[in-house]
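**Q** Right, I'll just put the structure down here and ask away after.
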Amino acid sequence: MKEFNITDRESGQRFDKYLKKILREAPDSFIYKMLRKKNITLNNSKATGKEHIEKGDIVKIFFTDETFEKFSGNTKASTLVKDDLNVIYEDKDIIIINKPQGMLSQKAKPGDISANELIVSHLLKRGELKEVDLRSFTPAVVHRLDRNTTGALAGGKSNRGLAFLSELFRERSIHKFYHCIVKGRVQQKREIHGYLFKDEKTNKVSISTNEIPGSEFIQTKYEPLKVGSELTLLQVELITGKPHQIRAHLAAEGHPIIGDNKYGDNEINHRYSGILKTHSLMLHSRELVFPENDGYFSYLSGESFVAPKPDSFVRLEQLI
């Protein structure tokens, strides 16, 4: 028999979802059969799996050690990596980091080290997370920034935090503001609309004014903060959040982001990379603003978290 005490980090999720993490190799039908036969109990009582588990609940699994090991799978221990996270804000449920250029938000292939692995390593080293906890919950970011985009990236440290943040980003109720430096003089505040189509083979998107099969509607707001002779510092608010949206949408408007090798202007990119001695993409996730809410996370209502800009961005901004 195996006994598990539900921690605060695991609380809030459905019981069957928790069991599918603990018994990752077991078919769903097997888990529900074990629930019906009371070979799996919640607080010493029969359960259906639809219950929401809370801190202090006791889960008992009446399997032999061999059966449990068979269905739990071999949980590979996490590899501790260098903890070089730049943390903007952190509490027991959520974490917001300032992502540097080059860091992946999530793995692209098995061997990658992404923000997710760095966050797990950060929590393991501080003793906030134990290897055994990773059987039933893994901290993770809830949105993505392109590899060369810098700035504020939010993740959940608990199931409660992950669910809360995921809902905010899914419902678009959290406000996301970016700063970028673009080619040309932009002198008016605008809200632009279009349709984005992604070519999976080339990992590149195209923007059209009319809907085409497979495209998605996008909205982008921007306003100039500083206008120079050939460059403009923009603040951009993402209304929708699609892959490469800001980069492709601004390029389609004739204002590509400096340092963008995929959608940008090669001549101006080359010129400014020579001046700055860097090939940085001048796109930065500057600020996350939480909406008003009266639930468990009411303490975050209206809170704003700002990510300091990288040195290369600041240096180019000073040239505008």
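By order in the structure tokens, chains are A, B, ...; within a chain, residues start at 1; ligands start at 1, following the order shown.
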Can you list, as a PDB file with N, CA and C atoms, in the first residue's frame, every protein, DNA or RNA residue that comes within 12 Å of Arg170 in chain A when you count only C-alpha atoms, leaving out same-chain residues fewer than 6 positions away?
**A**
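Written out: around_39.pdb:
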```
ATOM      1  N   VAL A 142       3.411  29.650 -18.289  1.00  0.00           N
ATOM      2  CA  VAL A 142       2.057  29.532 -18.841  1.00  0.00           C
ATOM      3  C   VAL A 142       1.895  30.260 -20.170  1.00  0.00           C
ATOM      4  N   HIS A 143       2.956  30.908 -20.633  1.00  0.00           N
ATOM      5  CA  HIS A 143       2.921  31.550 -21.956  1.00  0.00           C
ATOM      6  C   HIS A 143       4.334  31.483 -22.518  1.00  0.00           C
ATOM      7  N   LEU A 162      -0.678  27.702 -11.253  1.00  0.00           N
ATOM      8  CA  LEU A 162      -0.682  27.359 -12.671  1.00  0.00           C
ATOM      9  C   LEU A 162      -2.072  27.537 -13.266  1.00  0.00           C
ATOM     10  N   ALA A 163      -3.100  27.081 -12.547  1.00  0.00           N
ATOM     11  CA  ALA A 163      -4.480  27.209 -13.030  1.00  0.00           C
ATOM     12  C   ALA A 163      -4.899  28.678 -13.115  1.00  0.00           C
ATOM     13  N   PHE A 164      -4.534  29.471 -12.103  1.00  0.00           N
ATOM     14  CA  PHE A 164      -4.886  30.890 -12.077  1.00  0.00           C
ATOM     15  C   PHE A 164      -4.269  31.639 -13.250  1.00  0.00           C
ATOM     16  N   ILE A 239      -3.311  42.220 -27.744  1.00  0.00           N
ATOM     17  CA  ILE A 239      -4.701  41.891 -27.432  1.00  0.00           C
ATOM     18  C   ILE A 239      -4.905  40.391 -27.645  1.00  0.00           C
ATOM     19  N   THR A 240      -4.445  39.904 -28.785  1.00  0.00           N
ATOM     20  CA  THR A 240      -4.345  38.458 -29.008  1.00  0.00           C
ATOM     21  C   THR A 240      -2.866  38.110 -28.870  1.00  0.00           C
ATOM     22  N   GLY A 241      -2.570  36.856 -28.671  1.00  0.00           N
ATOM     23  CA  GLY A 241      -1.174  36.466 -28.498  1.00  0.00           C
ATOM     24  C   GLY A 241      -0.825  35.274 -29.361  1.00  0.00           C
ATOM     25  N   LYS A 242      -0.477  35.520 -30.604  1.00  0.00           N
ATOM     26  CA  LYS A 242      -0.156  34.454 -31.551  1.00  0.00           C
ATOM     27  C   LYS A 242       1.341  34.420 -31.824  1.00  0.00           C
TER      28      LYS A 242
END
```
**Q** Pick out the residues sitting within 9 Å of Glu230 in chain A, and hand them over as a list in words; count only C-alpha atoms, and ignore anything fewer than 4 positions along from it in its own chain.
**A**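 Selected residues are Val182, Lys183, Gly184, Arg185 and Ile320 of chain A.
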**Q** How about saving the chosen residues, all heavy atoms kept, as a PDB file, in the first residue's frame?
**A**
```
ATOM      1  N   VAL A 182      11.719  50.104 -33.574  1.00  0.00           N
ATOM      2  CA  VAL A 182      11.385  49.752 -34.950  1.00  0.00           C
ATOM      3  C   VAL A 182      11.970  50.752 -35.944  1.00  0.00           C
ATOM      4  O   VAL A 182      12.328  51.884 -35.590  1.00  0.00           O
ATOM      5  CB  VAL A 182       9.848  49.674 -35.151  1.00  0.00           C
ATOM      6  CG1 VAL A 182       9.239  48.647 -34.211  1.00  0.00           C
ATOM      7  CG2 VAL A 182       9.189  51.049 -34.958  1.00  0.00           C
ATOM      8  N   LYS A 183      12.041  50.312 -37.163  1.00  0.00           N
ATOM      9  CA  LYS A 183      12.479  51.160 -38.264  1.00  0.00           C
ATOM     10  C   LYS A 183      11.384  52.185 -38.579  1.00  0.00           C
ATOM     11  O   LYS A 183      10.201  51.857 -38.598  1.00  0.00           O
ATOM     12  CB  LYS A 183      12.750  50.291 -39.492  1.00  0.00           C
ATOM     13  CG  LYS A 183      13.107  51.075 -40.745  1.00  0.00           C
ATOM     14  CD  LYS A 183      13.244  50.149 -41.935  1.00  0.00           C
ATOM     15  CE  LYS A 183      13.507  50.935 -43.215  1.00  0.00           C
ATOM     16  NZ  LYS A 183      13.601  50.049 -44.407  1.00  0.00           N
ATOM     17  N   GLY A 184      11.802  53.418 -38.856  1.00  0.00           N
ATOM     18  CA  GLY A 184      10.857  54.442 -39.303  1.00  0.00           C
ATOM     19  C   GLY A 184      10.338  55.321 -38.183  1.00  0.00           C
ATOM     20  O   GLY A 184      10.571  55.073 -37.001  1.00  0.00           O
ATOM     21  N   ARG A 185       9.615  56.346 -38.596  1.00  0.00           N
ATOM     22  CA  ARG A 185       9.029  57.296 -37.658  1.00  0.00           C
ATOM     23  C   ARG A 185       7.537  56.966 -37.482  1.00  0.00           C
ATOM     24  O   ARG A 185       6.754  57.055 -38.425  1.00  0.00           O
ATOM     25  CB  ARG A 185       9.175  58.730 -38.192  1.00  0.00           C
ATOM     26  CG  ARG A 185      10.619  59.201 -38.244  1.00  0.00           C
ATOM     27  CD  ARG A 185      10.756  60.537 -38.985  1.00  0.00           C
ATOM     28  NE  ARG A 185       9.874  61.568 -38.418  1.00  0.00           N
ATOM     29  CZ  ARG A 185      10.168  62.304 -37.343  1.00  0.00           C
ATOM     30  NH1 ARG A 185      11.333  62.105 -36.713  1.00  0.00           N
ATOM     31  NH2 ARG A 185       9.334  63.217 -36.902  1.00  0.00           N
ATOM     32  N   ILE A 320      18.067  57.112 -30.084  1.00  0.00           N
ATOM     33  CA  ILE A 320      16.874  57.593 -30.797  1.00  0.00           C
ATOM     34  C   ILE A 320      16.734  59.110 -30.614  1.00  0.00           C
ATOM     35  O   ILE A 320      16.811  59.599 -29.485  1.00  0.00           O
ATOM     36  CB  ILE A 320      15.600  56.879 -30.305  1.00  0.00           C
ATOM     37  CG1 ILE A 320      15.702  55.392 -30.577  1.00  0.00           C
ATOM     38  CG2 ILE A 320      14.355  57.447 -31.002  1.00  0.00           C
ATOM     39  CD1 ILE A 320      14.547  54.580 -30.035  1.00  0.00           C
TER      40      ILE A 320
END
```
**Q** Find the residues around Met34 in chain A up to 10 Å (only C-alpha atoms counted), leave out those fewer than 4 positions away in its own chain, and share them as a list in words.
**A**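 That gives Asp28, Ser29, Phe30, Lys38, Asn39, Ile40, Thr41, Lys46, Ala47, Thr48, Ile61, Phe62 and Phe63 of chain A.
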**Q** Just the selected residues (all heavy atoms), exported as a CSV table (one decimal), in the first residue's frame, please.
**A**
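Output saved as out-v1.csv:
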```csv
chain,number,residue,atom,x,y,z
A,28,ASP,N,-6.6,4.9,-18.4
A,28,ASP,CA,-7.7,5.6,-17.6
A,28,ASP,C,-8.7,4.6,-17.1
A,28,ASP,O,-9.2,4.7,-15.9
A,28,ASP,CB,-8.4,6.6,-18.5
A,28,ASP,CG,-7.5,7.8,-18.8
A,28,ASP,OD1,-6.4,7.9,-18.3
A,28,ASP,OD2,-8.0,8.6,-19.6
A,29,SER,N,-9.0,3.6,-17.9
A,29,SER,CA,-10.0,2.6,-17.5
A,29,SER,C,-9.6,1.8,-16.3
A,29,SER,O,-10.4,1.5,-15.4
A,29,SER,CB,-10.3,1.6,-18.7
A,29,SER,OG,-9.1,0.9,-19.0
A,30,PHE,N,-8.3,1.6,-16.2
A,30,PHE,CA,-7.7,0.9,-15.0
A,30,PHE,C,-7.9,1.7,-13.7
A,30,PHE,O,-8.3,1.2,-12.7
A,30,PHE,CB,-6.3,0.5,-15.2
A,30,PHE,CG,-5.6,-0.1,-14.0
A,30,PHE,CD1,-5.8,-1.5,-13.8
A,30,PHE,CD2,-4.8,0.6,-13.2
A,30,PHE,CE1,-5.2,-2.1,-12.7
A,30,PHE,CE2,-4.2,0.0,-12.1
A,30,PHE,CZ,-4.4,-1.3,-11.8
A,38,LYS,N,-12.4,0.4,-4.7
A,38,LYS,CA,-11.8,1.0,-3.5
A,38,LYS,C,-10.4,0.5,-3.3
A,38,LYS,O,-9.9,0.4,-2.2
A,38,LYS,CB,-12.6,0.6,-2.3
A,38,LYS,CG,-14.0,1.4,-2.2
A,38,LYS,CD,-14.7,1.2,-0.8
A,38,LYS,CE,-13.9,1.8,0.3
A,38,LYS,NZ,-14.6,1.8,1.6
A,39,ASN,N,-9.7,0.2,-4.4
A,39,ASN,CA,-8.3,-0.1,-4.3
A,39,ASN,C,-7.5,1.2,-4.3
A,39,ASN,O,-6.3,1.3,-4.1
A,39,ASN,CB,-7.8,-0.9,-5.5
A,39,ASN,CG,-8.2,-2.4,-5.4
A,39,ASN,OD1,-8.4,-2.9,-4.2
A,39,ASN,ND2,-8.4,-3.1,-6.5
A,40,ILE,N,-8.2,2.3,-4.6
A,40,ILE,CA,-7.7,3.7,-4.5
A,40,ILE,C,-8.7,4.4,-3.7
A,40,ILE,O,-9.9,4.5,-4.1
A,40,ILE,CB,-7.4,4.4,-5.8
A,40,ILE,CG1,-6.4,3.6,-6.7
A,40,ILE,CG2,-7.0,5.8,-5.6
A,40,ILE,CD1,-6.2,4.2,-8.1
A,41,THR,N,-8.3,5.1,-2.6
A,41,THR,CA,-9.3,5.8,-1.7
A,41,THR,C,-8.8,7.2,-1.5
A,41,THR,O,-7.6,7.5,-1.6
A,41,THR,CB,-9.5,5.1,-0.4
A,41,THR,OG1,-8.3,5.1,0.4
A,41,THR,CG2,-10.0,3.7,-0.5
A,46,LYS,N,-14.5,5.8,-0.6
A,46,LYS,CA,-14.6,5.6,-2.0
A,46,LYS,C,-14.7,6.9,-2.7
A,46,LYS,O,-15.4,7.8,-2.3
A,46,LYS,CB,-15.8,4.7,-2.3
A,46,LYS,CG,-16.0,4.3,-3.7
A,46,LYS,CD,-17.1,3.4,-3.9
A,46,LYS,CE,-17.3,2.9,-5.4
A,46,LYS,NZ,-18.4,2.0,-5.5
A,47,ALA,N,-14.0,7.0,-3.9
A,47,ALA,CA,-14.1,8.3,-4.6
A,47,ALA,C,-14.4,8.0,-6.1
A,47,ALA,O,-14.2,6.8,-6.6
A,47,ALA,CB,-12.7,9.0,-4.5
A,48,THR,N,-14.8,9.0,-6.8
A,48,THR,CA,-15.2,8.8,-8.2
A,48,THR,C,-14.0,9.3,-9.1
A,48,THR,O,-14.0,9.0,-10.3
A,48,THR,CB,-16.4,9.6,-8.6
A,48,THR,OG1,-16.2,11.0,-8.4
A,48,THR,CG2,-17.6,9.1,-7.7
A,61,ILE,N,-3.3,4.0,-2.1
A,61,ILE,CA,-3.3,3.1,-3.2
A,61,ILE,C,-2.9,1.7,-2.8
A,61,ILE,O,-1.8,1.5,-2.4
A,61,ILE,CB,-2.4,3.7,-4.3
A,61,ILE,CG1,-2.8,5.1,-4.7
A,61,ILE,CG2,-2.4,2.7,-5.5
A,61,ILE,CD1,-1.9,5.7,-5.8
A,62,PHE,N,-3.9,0.8,-2.9
A,62,PHE,CA,-3.7,-0.6,-2.4
A,62,PHE,C,-3.2,-1.5,-3.5
A,62,PHE,O,-3.9,-2.4,-3.9
A,62,PHE,CB,-5.0,-1.1,-1.7
A,62,PHE,CG,-5.4,-0.3,-0.5
A,62,PHE,CD1,-6.3,0.8,-0.7
A,62,PHE,CD2,-5.0,-0.7,0.7
A,62,PHE,CE1,-6.7,1.5,0.5
A,62,PHE,CE2,-5.4,0.1,1.9
A,62,PHE,CZ,-6.2,1.1,1.7
A,63,PHE,N,-1.9,-1.2,-3.9
A,63,PHE,CA,-1.3,-2.1,-4.9
A,63,PHE,C,-0.1,-2.7,-4.3
A,63,PHE,O,0.5,-2.2,-3.3
A,63,PHE,CB,-0.8,-1.2,-6.1
A,63,PHE,CG,-1.8,-0.5,-6.9
A,63,PHE,CD1,-1.4,0.3,-8.0
A,63,PHE,CD2,-3.2,-0.7,-6.7
A,63,PHE,CE1,-2.4,1.0,-8.8
A,63,PHE,CE2,-4.1,-0.1,-7.5
A,63,PHE,CZ,-3.7,0.8,-8.5
```
**Q** As a list in words, list the residues of range 12-112 of chain A assigned to strand (DSSP E) by DSSP on the backbone atoms of this structure.
**A**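 Those residues are Ile40, Thr41, Leu42, Ile58, Val59, Lys60, Ile61, Val87, Ile88, Tyr89, Glu90, Ile94, Ile95, Ile96, Ile97, Asn98 and Lys99 of chain A.
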**Q** Show me, as a tab-separated table (two decimals) with all heavy atoms, in the first residue's frame, the residues that have an atom within 10 Å of range 8-15 of chain A when counting only C-alpha atoms, minus same-chain residues fewer than 2 positions from it.
**A**
```tsv
chain	number	residue	atom	x	y	z
A	5	ASN	N	0.14	12.21	1.14
A	5	ASN	CA	-0.51	13.35	1.77
A	5	ASN	C	-0.47	14.53	0.80
A	5	ASN	O	0.62	14.92	0.35
A	5	ASN	CB	0.21	13.73	3.08
A	5	ASN	CG	0.05	12.66	4.13
A	5	ASN	OD1	-1.06	12.33	4.52
A	5	ASN	ND2	1.16	12.09	4.58
A	6	ILE	N	-1.61	15.06	0.46
A	6	ILE	CA	-1.68	16.15	-0.51
A	6	ILE	C	-1.09	17.42	0.08
A	6	ILE	O	-1.45	17.84	1.18
A	6	ILE	CB	-3.14	16.38	-0.96
A	6	ILE	CG1	-3.72	15.10	-1.58
A	6	ILE	CG2	-3.23	17.55	-1.93
A	6	ILE	CD1	-2.94	14.57	-2.77
A	17	LYS	N	-7.13	13.63	-12.26
A	17	LYS	CA	-5.95	14.21	-12.92
A	17	LYS	C	-4.69	13.96	-12.08
A	17	LYS	O	-3.61	13.71	-12.62
A	17	LYS	CB	-6.17	15.70	-13.16
A	17	LYS	CG	-7.23	16.01	-14.21
A	17	LYS	CD	-7.31	17.49	-14.50
A	17	LYS	CE	-8.38	17.79	-15.53
A	17	LYS	NZ	-8.06	17.21	-16.85
A	18	TYR	N	-4.85	14.07	-10.78
A	18	TYR	CA	-3.73	13.79	-9.88
A	18	TYR	C	-3.28	12.33	-10.03
A	18	TYR	O	-2.09	12.04	-10.14
A	18	TYR	CB	-4.16	14.07	-8.44
A	18	TYR	CG	-3.19	13.58	-7.39
A	18	TYR	CD1	-2.08	14.34	-7.03
A	18	TYR	CD2	-3.40	12.35	-6.74
A	18	TYR	CE1	-1.19	13.88	-6.05
A	18	TYR	CE2	-2.52	11.90	-5.77
A	18	TYR	CZ	-1.42	12.67	-5.44
A	18	TYR	OH	-0.55	12.21	-4.48
A	19	LEU	N	-4.25	11.41	-10.07
A	19	LEU	CA	-3.93	9.99	-10.18
A	19	LEU	C	-3.24	9.66	-11.51
A	19	LEU	O	-2.36	8.80	-11.56
A	19	LEU	CB	-5.20	9.15	-10.02
A	19	LEU	CG	-5.83	9.14	-8.62
A	19	LEU	CD1	-7.16	8.42	-8.65
A	19	LEU	CD2	-4.88	8.49	-7.60
A	20	LYS	N	-3.63	10.36	-12.57
A	20	LYS	CA	-3.02	10.11	-13.86
A	20	LYS	C	-1.56	10.56	-13.90
A	20	LYS	O	-0.78	10.09	-14.73
A	20	LYS	CB	-3.83	10.80	-14.96
A	20	LYS	CG	-5.18	10.13	-15.21
A	20	LYS	CD	-6.05	10.94	-16.16
A	20	LYS	CE	-7.46	10.36	-16.22
A	20	LYS	NZ	-8.36	11.16	-17.09
A	42	LEU	N	-9.76	8.07	-1.17
A	42	LEU	CA	-9.47	9.45	-0.81
A	42	LEU	C	-10.03	9.68	0.59
A	42	LEU	O	-11.23	9.53	0.81
A	42	LEU	CB	-10.11	10.41	-1.81
A	42	LEU	CG	-9.94	11.91	-1.54
A	42	LEU	CD1	-8.47	12.31	-1.56
A	42	LEU	CD2	-10.74	12.74	-2.56
A	47	ALA	N	-14.05	7.02	-3.87
A	47	ALA	CA	-14.06	8.26	-4.64
A	47	ALA	C	-14.36	7.96	-6.10
A	47	ALA	O	-14.15	6.84	-6.58
A	47	ALA	CB	-12.72	8.97	-4.51
A	48	THR	N	-14.85	8.97	-6.81
A	48	THR	CA	-15.16	8.81	-8.24
A	48	THR	C	-14.04	9.34	-9.13
A	48	THR	O	-13.96	8.98	-10.31
A	48	THR	CB	-16.45	9.58	-8.59
A	48	THR	OG1	-16.22	10.98	-8.41
A	48	THR	CG2	-17.61	9.13	-7.72
A	49	GLY	N	-13.22	10.21	-8.58
A	49	GLY	CA	-12.18	10.85	-9.38
A	49	GLY	C	-12.54	12.29	-9.72
A	49	GLY	O	-11.68	13.07	-10.13
A	50	LYS	N	-13.81	12.65	-9.55
A	50	LYS	CA	-14.25	14.02	-9.88
A	50	LYS	C	-14.01	15.01	-8.74
A	50	LYS	O	-14.17	16.21	-8.91
A	50	LYS	CB	-15.73	14.01	-10.25
A	50	LYS	CG	-16.04	13.22	-11.51
A	50	LYS	CD	-17.53	13.24	-11.81
A	50	LYS	CE	-17.85	12.44	-13.07
A	50	LYS	NZ	-19.31	12.44	-13.38
A	51	GLU	N	-13.65	14.48	-7.57
A	51	GLU	CA	-13.43	15.34	-6.42
A	51	GLU	C	-12.21	16.26	-6.67
A	51	GLU	O	-11.31	15.92	-7.42
A	51	GLU	CB	-13.15	14.50	-5.16
A	51	GLU	CG	-14.27	13.56	-4.77
A	51	GLU	CD	-14.26	12.25	-5.54
A	51	GLU	OE1	-13.37	12.06	-6.41
A	51	GLU	OE2	-15.12	11.41	-5.28
A	52	HIS	N	-12.21	17.41	-6.02
A	52	HIS	CA	-11.05	18.30	-6.05
A	52	HIS	C	-10.27	18.12	-4.75
A	52	HIS	O	-10.83	18.28	-3.67
A	52	HIS	CB	-11.47	19.76	-6.23
A	52	HIS	CG	-11.85	20.08	-7.64
A	52	HIS	ND1	-13.06	19.72	-8.20
A	52	HIS	CD2	-11.14	20.71	-8.63
A	52	HIS	CE1	-13.11	20.12	-9.46
A	52	HIS	NE2	-11.96	20.72	-9.74
A	53	ILE	N	-9.02	17.74	-4.89
A	53	ILE	CA	-8.22	17.45	-3.70
A	53	ILE	C	-7.72	18.73	-3.05
A	53	ILE	O	-7.50	19.73	-3.73
A	53	ILE	CB	-7.04	16.51	-4.03
A	53	ILE	CG1	-6.17	17.08	-5.16
A	53	ILE	CG2	-7.55	15.13	-4.41
A	53	ILE	CD1	-4.95	16.25	-5.48
A	54	GLU	N	-7.57	18.67	-1.72
A	54	GLU	CA	-7.12	19.83	-0.96
A	54	GLU	C	-5.95	19.44	-0.06
A	54	GLU	O	-5.72	18.26	0.22
A	54	GLU	CB	-8.26	20.39	-0.10
A	54	GLU	CG	-9.48	20.86	-0.91
A	54	GLU	CD	-9.17	22.02	-1.85
A	54	GLU	OE1	-8.18	22.75	-1.57
A	54	GLU	OE2	-9.89	22.21	-2.85
A	55	LYS	N	-5.24	20.44	0.39
A	55	LYS	CA	-4.11	20.21	1.28
A	55	LYS	C	-4.56	19.41	2.51
A	55	LYS	O	-5.59	19.71	3.11
A	55	LYS	CB	-3.51	21.55	1.73
A	55	LYS	CG	-2.32	21.41	2.66
A	55	LYS	CD	-1.78	22.77	3.08
A	55	LYS	CE	-0.62	22.62	4.04
A	55	LYS	NZ	-0.09	23.94	4.48
A	56	GLY	N	-3.81	18.37	2.85
A	56	GLY	CA	-4.14	17.53	4.00
A	56	GLY	C	-4.92	16.29	3.66
A	56	GLY	O	-5.04	15.37	4.50
A	57	ASP	N	-5.46	16.21	2.44
A	57	ASP	CA	-6.16	14.99	2.03
A	57	ASP	C	-5.18	13.82	1.99
A	57	ASP	O	-3.98	14.01	1.73
A	57	ASP	CB	-6.79	15.17	0.64
A	57	ASP	CG	-8.05	16.03	0.67
A	57	ASP	OD1	-8.57	16.27	1.77
A	57	ASP	OD2	-8.50	16.44	-0.42
A	59	VAL	N	-4.40	10.12	0.28
A	59	VAL	CA	-4.67	9.20	-0.83
A	59	VAL	C	-3.98	7.88	-0.51
A	59	VAL	O	-2.80	7.85	-0.19
A	59	VAL	CB	-4.13	9.76	-2.16
A	59	VAL	CG1	-4.36	8.75	-3.30
A	59	VAL	CG2	-4.77	11.10	-2.49
A	92	LYS	N	4.50	31.77	-3.06
A	92	LYS	CA	4.44	30.31	-2.99
A	92	LYS	C	3.71	29.69	-4.17
A	92	LYS	O	3.82	28.48	-4.40
A	92	LYS	CB	3.78	29.86	-1.69
A	92	LYS	CG	2.31	30.19	-1.57
A	92	LYS	CD	1.75	29.62	-0.28
A	92	LYS	CE	0.25	29.89	-0.15
A	92	LYS	NZ	-0.32	29.29	1.06
A	93	ASP	N	2.99	30.50	-4.95
A	93	ASP	CA	2.19	29.97	-6.06
A	93	ASP	C	2.67	30.37	-7.44
A	93	ASP	O	2.47	29.63	-8.40
A	93	ASP	CB	0.73	30.40	-5.90
A	93	ASP	CG	0.07	29.80	-4.68
A	93	ASP	OD1	-0.02	28.56	-4.62
A	93	ASP	OD2	-0.35	30.55	-3.78
A	128	GLU	N	12.14	24.25	-1.87
A	128	GLU	CA	10.69	24.47	-2.00
A	128	GLU	C	10.02	23.32	-2.75
A	128	GLU	O	8.80	23.20	-2.74
A	128	GLU	CB	10.41	25.78	-2.74
A	128	GLU	CG	10.77	27.03	-1.98
A	128	GLU	CD	10.32	28.27	-2.70
A	128	GLU	OE1	9.17	28.29	-3.18
A	128	GLU	OE2	11.09	29.23	-2.78
A	129	LEU	N	10.81	22.52	-3.41
A	129	LEU	CA	10.32	21.41	-4.21
A	129	LEU	C	11.22	20.22	-3.97
A	129	LEU	O	12.44	20.38	-3.80
A	129	LEU	CB	10.35	21.81	-5.70
A	129	LEU	CG	9.72	20.88	-6.72
A	129	LEU	CD1	8.20	20.87	-6.57
A	129	LEU	CD2	10.08	21.34	-8.13
A	133	ASP	N	7.90	15.33	-5.40
A	133	ASP	CA	6.79	16.20	-5.78
A	133	ASP	C	6.56	16.19	-7.29
A	133	ASP	O	5.43	16.42	-7.76
A	133	ASP	CB	7.05	17.65	-5.34
A	133	ASP	CG	7.14	17.80	-3.83
A	133	ASP	OD1	6.48	17.00	-3.13
A	133	ASP	OD2	7.85	18.70	-3.37
A	136	SER	N	3.67	14.27	-9.25
A	136	SER	CA	2.28	14.71	-9.37
A	136	SER	C	2.12	16.15	-9.84
A	136	SER	O	1.03	16.58	-10.18
A	136	SER	CB	1.57	14.56	-8.03
A	136	SER	OG	2.23	15.29	-7.02
A	137	PHE	N	3.22	16.93	-9.85
A	137	PHE	CA	3.12	18.32	-10.30
A	137	PHE	C	4.48	18.83	-10.73
A	137	PHE	O	5.48	18.62	-10.04
A	137	PHE	CB	2.57	19.23	-9.20
A	137	PHE	CG	2.54	20.68	-9.60
A	137	PHE	CD1	1.55	21.14	-10.45
A	137	PHE	CD2	3.54	21.54	-9.19
A	137	PHE	CE1	1.56	22.46	-10.87
A	137	PHE	CE2	3.55	22.87	-9.59
A	137	PHE	CZ	2.54	23.33	-10.43
A	138	THR	N	4.51	19.52	-11.87
A	138	THR	CA	5.74	20.13	-12.35
A	138	THR	C	5.50	21.62	-12.59
A	138	THR	O	4.63	21.97	-13.40
A	138	THR	CB	6.22	19.49	-13.67
A	138	THR	OG1	6.38	18.07	-13.47
A	138	THR	CG2	7.55	20.08	-14.11
A	139	PRO	N	6.22	22.48	-11.91
A	139	PRO	CA	6.10	23.92	-12.18
A	139	PRO	C	6.39	24.22	-13.65
A	139	PRO	O	7.23	23.55	-14.27
A	139	PRO	CB	7.16	24.54	-11.27
A	139	PRO	CG	7.34	23.54	-10.17
A	139	PRO	CD	7.18	22.20	-10.83
A	156	GLY	N	3.69	29.00	-12.99
A	156	GLY	CA	3.04	28.53	-11.78
A	156	GLY	C	3.95	27.63	-10.98
A	156	GLY	O	4.55	26.69	-11.53
A	157	LYS	N	4.07	27.89	-9.66
A	157	LYS	CA	4.86	27.05	-8.76
A	157	LYS	C	3.99	26.01	-8.07
A	157	LYS	O	4.51	25.10	-7.43
A	157	LYS	CB	5.54	27.93	-7.71
A	157	LYS	CG	6.62	28.83	-8.25
A	157	LYS	CD	7.13	29.82	-7.20
A	157	LYS	CE	7.60	29.15	-5.94
A	157	LYS	NZ	8.17	30.13	-4.97
A	158	SER	N	2.68	26.17	-8.15
A	158	SER	CA	1.74	25.23	-7.56
A	158	SER	C	0.62	24.98	-8.57
A	158	SER	O	0.48	25.73	-9.55
A	158	SER	CB	1.13	25.79	-6.27
A	158	SER	OG	0.30	26.90	-6.56
A	159	ASN	N	-0.17	23.95	-8.34
A	159	ASN	CA	-1.30	23.70	-9.22
A	159	ASN	C	-2.26	24.88	-9.21
A	159	ASN	O	-2.81	25.27	-10.24
A	159	ASN	CB	-2.02	22.42	-8.79
A	159	ASN	CG	-3.13	22.03	-9.75
A	159	ASN	OD1	-2.86	21.60	-10.86
A	159	ASN	ND2	-4.37	22.21	-9.34
A	160	ARG	N	-2.45	25.46	-8.02
A	160	ARG	CA	-3.34	26.62	-7.90
A	160	ARG	C	-2.82	27.80	-8.72
A	160	ARG	O	-3.56	28.47	-9.45
A	160	ARG	CB	-3.46	27.03	-6.43
A	160	ARG	CG	-4.41	28.17	-6.17
A	160	ARG	CD	-4.31	28.67	-4.74
A	160	ARG	NE	-4.81	27.71	-3.78
A	160	ARG	CZ	-4.08	27.09	-2.87
A	160	ARG	NH1	-2.77	27.34	-2.80
A	160	ARG	NH2	-4.61	26.23	-2.03
A	161	GLY	N	-1.51	28.06	-8.61
A	161	GLY	CA	-0.92	29.16	-9.35
A	161	GLY	C	-0.95	28.94	-10.84
A	161	GLY	O	-1.21	29.86	-11.63
A	162	LEU	N	-0.68	27.70	-11.25
A	162	LEU	CA	-0.68	27.36	-12.67
A	162	LEU	C	-2.07	27.54	-13.27
A	162	LEU	O	-2.24	28.11	-14.36
A	162	LEU	CB	-0.21	25.91	-12.84
A	162	LEU	CG	0.29	25.49	-14.21
A	162	LEU	CD1	1.47	26.33	-14.66
A	162	LEU	CD2	0.68	24.02	-14.19
A	163	ALA	N	-3.10	27.08	-12.55
A	163	ALA	CA	-4.48	27.21	-13.03
A	163	ALA	C	-4.90	28.68	-13.11
A	163	ALA	O	-5.55	29.10	-14.09
A	163	ALA	CB	-5.43	26.44	-12.11
```
**Q** May I have the residues within 7 Å of range 248-253 of chain A as a list in words, using only C-alpha atoms and disregarding those fewer than 3 positions away in the same chain?
**A**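 Those residues are Val205, Ser206, Ile207, His244, Gln245, Pro256, Tyr263 and Gly264 of chain A.
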**Q** Which one is closest to Gly228 in chain A: A:Ile246, A:Leu316, A:Ile257, A:Leu276? Count only C-alpha atoms.
**A** A:Leu316
**Q** Find, counting only C-alpha atoms, the residue in A:Gly302, A:Gly274, A:Gly259, A:Leu233 that gets nearest to Leu319 in chain A.
**A**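 Going through A:Gly302, A:Gly274, A:Gly259, A:Leu233 one by one, the smallest distance to Leu319 in chain A is for A:Leu233.
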**Q** Could you check which of A:Phe313, A:Phe217, A:Tyr222, A:Phe71 is closest to Gln188 in chain A, using only C-alpha atoms?
**A**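 Between A:Phe313, A:Phe217, A:Tyr222, A:Phe71, the residue approaching Gln188 in chain A most closely is A:Tyr222.
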